[in-house]
file coords_27.cif (mmCIF, C-alpha atoms and all ligand atoms)
data_run
#
loop_
_atom_site.label_atom_id
_atom_site.label_comp_id
_atom_site.auth_asym_id
_atom_site.auth_seq_id
_atom_site.Cartn_x
_atom_site.Cartn_y
_atom_site.Cartn_z
CA MET A 1 0.00 0.00 0.00
CA THR A 2 1.16 3.53 -0.73
CA LEU A 3 1.42 5.08 2.72
CA LEU A 4 2.58 8.54 1.74
CA GLN A 5 2.07 10.27 -1.56
CA ILE A 6 3.38 13.72 -2.40
CA ALA A 7 1.86 15.22 -5.54
CA SER A 8 3.33 18.27 -7.31
CA LEU A 9 4.35 19.99 -4.09
CA THR A 10 5.71 23.52 -4.39
CA LYS A 11 6.89 25.75 -1.55
CA ARG A 12 7.99 29.33 -1.99
CA PHE A 13 9.50 31.51 0.71
CA GLY A 14 8.98 34.92 -0.87
CA ALA A 15 11.06 34.97 -4.04
CA LEU A 16 12.86 31.73 -3.15
CA THR A 17 11.42 28.45 -4.43
CA ALA A 18 12.47 25.81 -1.89
CA LEU A 19 10.41 23.01 -3.52
CA GLN A 20 9.25 22.91 -7.14
CA ASP A 21 6.66 20.38 -8.29
CA VAL A 22 7.96 17.58 -6.04
CA SER A 23 6.22 14.20 -6.35
CA LEU A 24 7.14 10.96 -4.64
CA ALA A 25 5.56 7.90 -3.02
CA THR A 26 6.52 5.80 -0.01
CA GLU A 27 5.20 2.27 0.40
CA ALA A 28 4.36 0.63 3.72
CA GLY A 29 7.18 -1.59 5.00
CA THR A 30 9.97 0.40 3.36
CA ILE A 31 12.65 2.98 4.14
CA HIS A 32 12.70 5.94 1.76
CA GLY A 33 15.88 8.02 1.83
CA LEU A 34 15.94 11.69 0.85
CA ILE A 35 19.30 13.02 -0.24
CA GLY A 36 20.65 16.11 -1.97
CA PRO A 37 23.13 18.95 -1.53
CA ASN A 38 22.75 21.62 1.17
CA GLY A 39 19.72 23.81 0.57
CA SER A 40 18.10 21.36 -1.88
CA GLY A 41 14.80 21.33 0.06
CA LYS A 42 14.99 18.10 2.11
CA SER A 43 14.07 19.64 5.47
CA THR A 44 11.38 21.81 3.90
CA LEU A 45 9.79 18.70 2.40
CA MET A 46 9.86 16.91 5.78
CA LYS A 47 8.32 19.96 7.45
CA CYS A 48 5.54 20.06 4.83
CA ILE A 49 4.75 16.38 5.52
CA VAL A 50 4.58 16.90 9.28
CA GLY A 51 2.63 20.16 8.96
CA ASP A 52 5.22 22.65 10.25
CA VAL A 53 5.42 24.37 6.84
CA GLU A 54 2.41 25.08 4.64
CA PRO A 55 3.00 24.24 0.96
CA THR A 56 2.27 26.92 -1.63
CA SER A 57 0.56 24.31 -3.83
CA GLY A 58 0.31 20.56 -4.30
CA GLU A 59 -1.10 17.80 -2.15
CA ILE A 60 0.06 15.35 0.50
CA LEU A 61 -1.83 12.09 0.97
CA PHE A 62 -1.36 9.79 3.96
CA GLU A 63 -2.99 6.37 3.65
CA GLU A 64 -4.64 7.73 0.51
CA LYS A 65 -6.36 10.66 2.28
CA PRO A 66 -5.38 14.33 1.86
CA ILE A 67 -3.72 15.76 4.97
CA SER A 68 -2.52 19.18 3.79
CA GLN A 69 -5.31 20.95 5.68
CA GLN A 70 -4.67 19.08 8.93
CA SER A 71 -2.74 20.43 11.92
CA THR A 72 0.50 18.82 13.09
CA THR A 73 -1.41 17.34 16.04
CA GLU A 74 -4.02 15.75 13.78
CA ARG A 75 -1.31 14.33 11.55
CA ALA A 76 0.48 12.88 14.59
CA ARG A 77 -2.78 11.33 15.75
CA ARG A 78 -3.26 9.75 12.35
CA GLY A 79 0.12 8.05 12.60
CA ILE A 80 2.89 10.38 11.44
CA GLY A 81 5.80 10.41 13.90
CA VAL A 82 8.82 12.67 13.82
CA LYS A 83 12.36 12.99 15.07
CA PHE A 84 13.87 16.18 13.77
CA GLN A 85 17.33 17.67 14.29
CA ILE A 86 16.26 19.84 17.21
CA THR A 87 16.43 17.81 20.39
CA SER A 88 13.12 17.25 22.13
CA VAL A 89 14.10 15.22 25.20
CA PHE A 90 13.28 16.52 28.69
CA GLU A 91 16.80 16.70 30.05
CA THR A 92 15.95 16.72 33.75
CA LEU A 93 13.61 13.72 33.51
CA SER A 94 14.84 10.14 33.58
CA VAL A 95 15.23 8.18 30.36
CA TYR A 96 12.28 6.01 31.42
CA ASP A 97 10.00 8.98 32.15
CA ASN A 98 10.78 10.58 28.79
CA ILE A 99 9.47 7.48 27.01
CA LEU A 100 6.55 7.14 29.44
CA LEU A 101 5.47 10.73 28.73
CA ALA A 102 5.65 10.15 24.98
CA ALA A 103 3.62 6.94 25.29
CA GLN A 104 1.02 8.57 27.52
CA SER A 105 0.64 11.54 25.21
CA HIS A 106 -0.46 9.09 22.55
CA ALA A 107 -2.67 6.77 24.60
CA ARG A 108 -6.22 8.00 25.04
CA LEU A 109 -7.55 7.92 28.57
CA ALA A 110 -10.12 5.23 27.82
CA THR A 111 -7.50 3.03 26.19
CA LEU A 112 -5.18 3.58 29.11
CA ALA A 113 -7.92 2.44 31.49
CA LEU A 114 -8.68 -0.68 29.44
CA SER A 115 -6.34 -2.66 27.21
CA ARG A 116 -3.36 -0.36 27.37
CA SER A 117 -3.11 -0.61 31.13
CA ARG A 118 -0.15 0.72 33.04
CA GLY A 119 1.29 -2.79 32.93
CA ALA A 120 0.98 -3.03 29.15
CA LEU A 121 2.51 0.41 28.80
CA ALA A 122 5.38 -0.60 31.09
CA ASP A 123 6.05 -3.68 28.90
CA GLU A 124 6.18 -1.52 25.77
CA ILE A 125 8.57 0.91 27.41
CA ASP A 126 10.81 -1.92 28.59
CA ASP A 127 10.92 -3.27 25.02
CA LEU A 128 11.91 0.14 23.65
CA LEU A 129 14.59 0.59 26.33
CA ASP A 130 15.98 -2.80 25.43
CA GLN A 131 15.88 -2.25 21.64
CA PHE A 132 17.67 1.09 21.96
CA LYS A 133 20.29 -0.16 24.44
CA LEU A 134 18.97 2.21 27.11
CA TRP A 135 17.83 -0.36 29.67
CA GLU A 136 20.89 0.06 31.88
CA ARG A 137 20.45 3.82 31.86
CA ARG A 138 16.69 4.01 32.35
CA ASP A 139 16.88 5.75 35.75
CA GLU A 140 19.48 8.32 34.74
CA GLN A 141 18.64 11.85 33.67
CA ALA A 142 18.36 12.23 29.90
CA ALA A 143 20.93 15.04 30.12
CA ASP A 144 23.58 12.48 31.16
CA LEU A 145 23.22 10.40 27.97
CA SER A 146 25.80 10.63 25.20
CA HIS A 147 24.75 12.46 22.06
CA GLY A 148 24.12 9.17 20.24
CA GLU A 149 22.06 7.79 23.13
CA GLN A 150 19.96 10.97 23.17
CA GLN A 151 19.22 10.44 19.49
CA TRP A 152 18.13 6.86 20.27
CA LEU A 153 15.96 8.11 23.12
CA GLU A 154 14.24 10.52 20.74
CA ILE A 155 13.57 7.77 18.20
CA ALA A 156 12.24 5.57 21.02
CA MET A 157 9.97 8.45 22.13
CA ALA A 158 8.66 8.86 18.60
CA LEU A 159 7.97 5.11 18.40
CA ALA A 160 6.17 5.11 21.76
CA ARG A 161 3.47 7.12 19.99
CA ARG A 162 3.03 4.14 17.64
CA PRO A 163 3.43 5.88 14.28
CA ARG A 164 2.85 4.11 10.97
CA LEU A 165 5.22 6.53 9.28
CA LEU A 166 8.35 7.88 10.99
CA LEU A 167 10.16 10.95 9.64
CA LEU A 168 13.82 11.19 10.64
CA ASP A 169 15.97 14.21 9.85
CA GLU A 170 19.67 13.31 10.21
CA PRO A 171 19.21 10.82 13.06
CA THR A 172 22.86 9.71 13.03
CA ALA A 173 24.41 13.19 13.18
CA GLY A 174 27.26 13.10 15.69
CA MET A 175 27.10 9.32 16.19
CA SER A 176 30.15 7.04 16.26
CA LEU A 177 30.49 4.34 13.59
CA PRO A 178 29.25 1.51 15.89
CA GLU A 179 26.31 3.70 16.95
CA ARG A 180 25.45 4.31 13.29
CA ALA A 181 25.59 0.60 12.55
CA HIS A 182 23.26 -0.16 15.46
CA THR A 183 20.89 2.61 14.35
CA GLY A 184 20.78 1.21 10.81
CA ALA A 185 19.98 -2.30 12.05
CA LEU A 186 17.35 -0.93 14.41
CA LEU A 187 15.61 1.09 11.72
CA ARG A 188 15.49 -1.93 9.40
CA SER A 189 13.93 -3.98 12.21
CA LEU A 190 11.10 -1.45 12.62
CA ILE A 191 9.71 -1.30 9.13
CA SER A 192 7.17 -4.12 9.32
CA SER A 193 5.07 -1.87 11.55
CA CYS A 194 6.36 1.56 10.60
CA ALA A 195 7.66 2.91 7.28
CA ILE A 196 10.45 5.48 7.45
CA VAL A 197 11.34 8.60 5.47
CA ILE A 198 14.87 9.63 6.35
CA VAL A 199 17.13 12.56 5.48
CA GLU A 200 20.84 11.87 5.89
CA HIS A 201 24.08 13.38 4.66
CA ASP A 202 25.96 10.10 5.23
CA LEU A 203 25.48 8.58 1.77
CA SER A 204 26.87 5.14 2.57
CA PHE A 205 24.58 4.86 5.61
CA ILE A 206 21.45 5.88 3.72
CA ARG A 207 22.31 3.71 0.72
CA ASP A 208 22.73 0.68 2.99
CA ILE A 209 19.41 1.04 4.81
CA SER A 210 17.05 2.48 2.16
CA ASP A 211 14.75 0.61 -0.21
CA ARG A 212 14.19 3.71 -2.34
CA LEU A 213 16.03 6.99 -2.69
CA THR A 214 14.85 10.38 -3.89
CA VAL A 215 17.48 12.93 -4.85
CA LEU A 216 16.61 16.61 -4.62
CA ASP A 217 18.58 19.47 -6.12
CA ARG A 218 17.54 23.12 -5.86
CA GLY A 219 14.00 22.09 -4.87
CA ARG A 220 13.41 19.63 -7.72
CA VAL A 221 13.44 15.84 -7.85
CA VAL A 222 16.48 14.79 -9.88
CA LYS A 223 15.78 11.07 -9.54
CA SER A 224 13.54 8.76 -7.49
CA GLY A 225 13.99 5.00 -7.61
CA THR A 226 15.70 1.99 -6.10
CA VAL A 227 19.17 2.48 -4.67
CA GLY A 228 20.68 0.85 -7.76
CA GLU A 229 18.72 3.05 -10.16
CA VAL A 230 19.76 6.19 -8.31
CA GLN A 231 23.40 5.14 -8.07
CA ASP A 232 23.53 4.51 -11.82
CA SER A 233 21.85 7.79 -12.75
CA SER A 234 24.02 10.20 -14.70
CA GLU A 235 21.89 13.18 -13.49
CA VAL A 236 22.58 12.20 -9.87
CA LYS A 237 26.30 11.79 -10.50
CA GLU A 238 26.32 15.25 -12.04
CA VAL A 239 24.62 16.79 -8.97
CA TYR A 240 27.10 15.15 -6.62
CA LEU A 241 30.14 15.89 -8.72
CA THR A 242 29.28 19.53 -9.32
CA ARG A 243 27.54 20.61 -6.15
CA VAL A 244 28.56 18.63 -3.05
N1 LIG B 1 11.70 29.46 6.81
C1 LIG B 1 12.39 29.76 5.73
N2 LIG B 1 12.38 31.01 5.22
C2 LIG B 1 13.07 31.32 4.09
N3 LIG B 1 13.83 30.43 3.41
C3 LIG B 1 13.89 29.17 3.88
C4 LIG B 1 13.19 28.78 5.07
N4 LIG B 1 13.44 27.46 5.28
C5 LIG B 1 14.26 27.05 4.29
N5 LIG B 1 14.54 28.08 3.46
C6 LIG B 1 15.38 28.03 2.27
O1 LIG B 1 14.87 26.99 1.45
C7 LIG B 1 15.93 26.30 0.79
C8 LIG B 1 15.85 24.82 1.13
O2 LIG B 1 16.23 24.68 2.50
P1 LIG B 1 16.17 23.29 3.27
O3 LIG B 1 16.57 23.56 4.70
O4 LIG B 1 14.87 22.63 3.04
O5 LIG B 1 17.32 22.48 2.53
P2 LIG B 1 18.05 21.14 2.97
O6 LIG B 1 18.18 20.31 1.74
O7 LIG B 1 17.36 20.52 4.13
O8 LIG B 1 19.47 21.70 3.40
P3 LIG B 1 20.55 21.11 4.47
O9 LIG B 1 21.05 19.82 3.88
O10 LIG B 1 21.61 22.15 4.49
O11 LIG B 1 19.85 20.93 5.80
C9 LIG B 1 17.23 26.97 1.24
O12 LIG B 1 17.61 27.93 0.28
C10 LIG B 1 16.83 27.65 2.56
O13 LIG B 1 17.61 28.78 2.81
#
call {"tool": "encode", "arguments": {"input": "coords_27.cif", "output": "structure tokens", "more": "lines below"}}
Ligand SMILES: Nc1ncnc2c1ncn2[C@@H]1O[C@H](COP(=O)(O)OP(=O)(O)OP(=O)(O)O)[C@@H](O)[C@H]1O
result
Amino acid sequence: MTLLQIASLTKRFGALTALQDVSLATEAGTIHGLIGPNGSGKSTLMKCIVGDVEPTSGEILFEEKPISQQSTTERARRGIGVKFQITSVFETLSVYDNILLAAQSHARLATLALSRSRGALADEIDDLLDQFKLWERRDEQAADLSHGEQQWLEIAMALARRPRLLLLDEPTAGMSLPERAHTGALLRSLISSCAIVIVEHDLSFIRDISDRLTVLDRGRVVKSGTVGEVQDSSEVKEVYLTRV
């Protein structure tokens, strides 16, 4: 099923066209990488999907329904989760409580009282702590985590809200090589329940984990296809040889 469809999206900031007629589709159960030189429009596209930036024209469909008129909160409720570059952890709270807060913000009161009891919620949080190698550090303040661990905590918080699509903007920035490798394996393990759209500057990382890649340059799609198709594209080579 096509989970996310972007159709002819354009965004202008005054005289500057950040996105021009951008179209792409992301299928359930896949990782879709967005790459391109600095200023090519990757973050603007992510912000349009989440609802932080209003497109000038075009449409965004999530699970085949238009969402462009919906608020960020409505989009989150429908299943779009986000981890952007700006850190969103509560530094003075424990690692555990950060995830608990995220999970509770998603669970409706009635659900909390019934099937998603405190016990069920605790099991989910324990699983996330384990997956993200944060179990040992669950009682420590989030401020005491390394940069890489804070990034994992933020992804875990986004997942606690049970998204069906997760948007990640440079999730491995500042991570060590082993941390990147663990992040890649983790992201691949998530996709049966949650598709991912990811922006990354680390080309080898994004090539290794993505099913499809879309390359942007100066707000336009240069190429969208499988990793092999994009790697073989002469237009893409030109962008990377002349502009990166
Ligand atoms: N709020 C804004 N107001 C005006 N111009 C903006 C705004 N946000 C982005 N831009 C411009 O839009 C263009 C695309 O920026 P964007 O941040 O989307 O690119 P990017 O591909 O994510 O870049 P980077 O890889 O450097 O993060 C740039 O020229 C940028 O200066």
call {"tool": "atom_distance", "arguments": {"input": "coords_27.cif", "atom1": "atom CA of A:Val239", "atom2": "atom CA of A:Gly41"}}
result
14.1 Å
call {"tool": "closest_residue", "arguments": {"input": "coords_27.cif", "among": "A:Pro178, A:Val50, A:Glu140, A:Ser210", "to": "A:Gly225", "atoms": "only C-alpha atoms"}}
result
A:Ser210
call {"tool": "residues_near_ligand", "arguments": {"input": "coords_27.cif", "ligand": "ligand LIG 1 (chain B)", "cutoff": "6 Å", "atoms": "all atoms listed in the file", "output": "JSON, numbers by chain"}}
result
{"A": [13, 18, 37, 38, 39, 40, 41, 42, 43, 44]}
call {"tool": "closest_residue", "arguments": {"input": "coords_27.cif", "among": "A:Arg180, A:Gln141, A:Thr26, A:Glu136", "to": "A:Glu91", "atoms": "all atoms listed in the file"}}
result
A:Gln141
call {"tool": "residues_around", "arguments": {"input": "coords_27.cif", "residues": "A:Phe132", "least_positions_apart": "2", "cutoff": "12 Å", "atoms": "only C-alpha atoms", "output": "NGL selection string"}}
result
:A and (95-96 or 99 or 125-130 or 134-138 or 148-157 or 159 or 179 or 182-187 or 189-190)
call {"tool": "closest_residue", "arguments": {"input": "coords_27.cif", "among": "A:Ala25, A:Ile60, A:Ala158, A:Val82", "to": "A:Leu101", "atoms": "all atoms listed in the file"}}
result
A:Ala158
call {"tool": "residues_around", "arguments": {"input": "coords_27.cif", "residues": "A:Ile206", "least_positions_apart": "2", "cutoff": "10 Å", "atoms": "only C-alpha atoms", "output": "PyMOL selection string"}}
result
chain A and resi 31-35+184+198-204+208-213+227
call {"tool": "atom_distance", "arguments": {"input": "coords_27.cif", "atom1": "atom CA of A:Ile80", "atom2": "atom CA of A:Leu166"}}
result
6.0 Å
call {"tool": "atom_distance", "arguments": {"input": "coords_27.cif", "atom1": "atom CA of A:Leu167", "atom2": "atom CA of A:Asp232"}}
result
26.1 Å
call {"tool": "closest_residue", "arguments": {"input": "coords_27.cif", "among": "A:Leu19, A:Glu238, A:Gly119, A:Glu54", "to": "A:Ser71", "atoms": "only C-alpha atoms"}}
result
A:Glu54
call {"tool": "residues_around", "arguments": {"input": "coords_27.cif", "residues": "A:Leu165", "least_positions_apart": "6", "cutoff": "12 Å", "atoms": "only C-alpha atoms", "output": "compact mmCIF listing (two decimals) with C-alpha atoms, in the coordinates of the input"}}
result
# COMPACT_ATOMS: atom_id res chain seq x y z
CA THR A 2 1.16 3.53 -0.73
CA LEU A 3 1.42 5.08 2.72
CA LEU A 4 2.58 8.54 1.74
CA GLN A 5 2.07 10.27 -1.56
CA THR A 26 6.52 5.80 -0.01
CA GLU A 27 5.20 2.27 0.40
CA ALA A 28 4.36 0.63 3.72
CA GLY A 29 7.18 -1.59 5.00
CA THR A 30 9.97 0.40 3.36
CA ILE A 31 12.65 2.98 4.14
CA HIS A 32 12.70 5.94 1.76
CA MET A 46 9.86 16.91 5.78
CA ILE A 49 4.75 16.38 5.52
CA VAL A 50 4.58 16.90 9.28
CA PHE A 62 -1.36 9.79 3.96
CA GLU A 63 -2.99 6.37 3.65
CA ARG A 75 -1.31 14.33 11.55
CA ALA A 76 0.48 12.88 14.59
CA ARG A 77 -2.78 11.33 15.75
CA ARG A 78 -3.26 9.75 12.35
CA GLY A 79 0.12 8.05 12.60
CA ILE A 80 2.89 10.38 11.44
CA GLY A 81 5.80 10.41 13.90
CA VAL A 82 8.82 12.67 13.82
CA LYS A 83 12.36 12.99 15.07
CA ALA A 158 8.66 8.86 18.60
CA LEU A 159 7.97 5.11 18.40
CA LEU A 187 15.61 1.09 11.72
CA LEU A 190 11.10 -1.45 12.62
CA ILE A 191 9.71 -1.30 9.13
CA SER A 192 7.17 -4.12 9.32
CA SER A 193 5.07 -1.87 11.55
CA CYS A 194 6.36 1.56 10.60
CA ALA A 195 7.66 2.91 7.28
CA ILE A 196 10.45 5.48 7.45
CA VAL A 197 11.34 8.60 5.47
CA ILE A 198 14.87 9.63 6.35
call {"tool": "residues_around", "arguments": {"input": "coords_27.cif", "residues": "A:Pro55", "least_positions_apart": "2", "cutoff": "7 Å", "atoms": "all atoms listed in the file", "output": "PDB file with C-alpha atoms, keeping the file's coordinate frame"}}
result
ATOM      1  CA  LEU A   9       4.350  19.990  -4.090  1.00  0.00           C
ATOM      2  CA  THR A  10       5.710  23.520  -4.390  1.00  0.00           C
ATOM      3  CA  LYS A  11       6.890  25.750  -1.550  1.00  0.00           C
ATOM      4  CA  CYS A  48       5.540  20.060   4.830  1.00  0.00           C
ATOM      5  CA  VAL A  53       5.420  24.370   6.840  1.00  0.00           C
ATOM      6  CA  SER A  57       0.560  24.310  -3.830  1.00  0.00           C
ATOM      7  CA  GLY A  58       0.310  20.560  -4.300  1.00  0.00           C
TER       8      GLY A  58
END
call {"tool": "closest_residue", "arguments": {"input": "coords_27.cif", "among": "A:Val215, A:Ala7, A:Ala15, A:Met1", "to": "A:Leu61", "atoms": "only C-alpha atoms"}}
result
A:Ala7
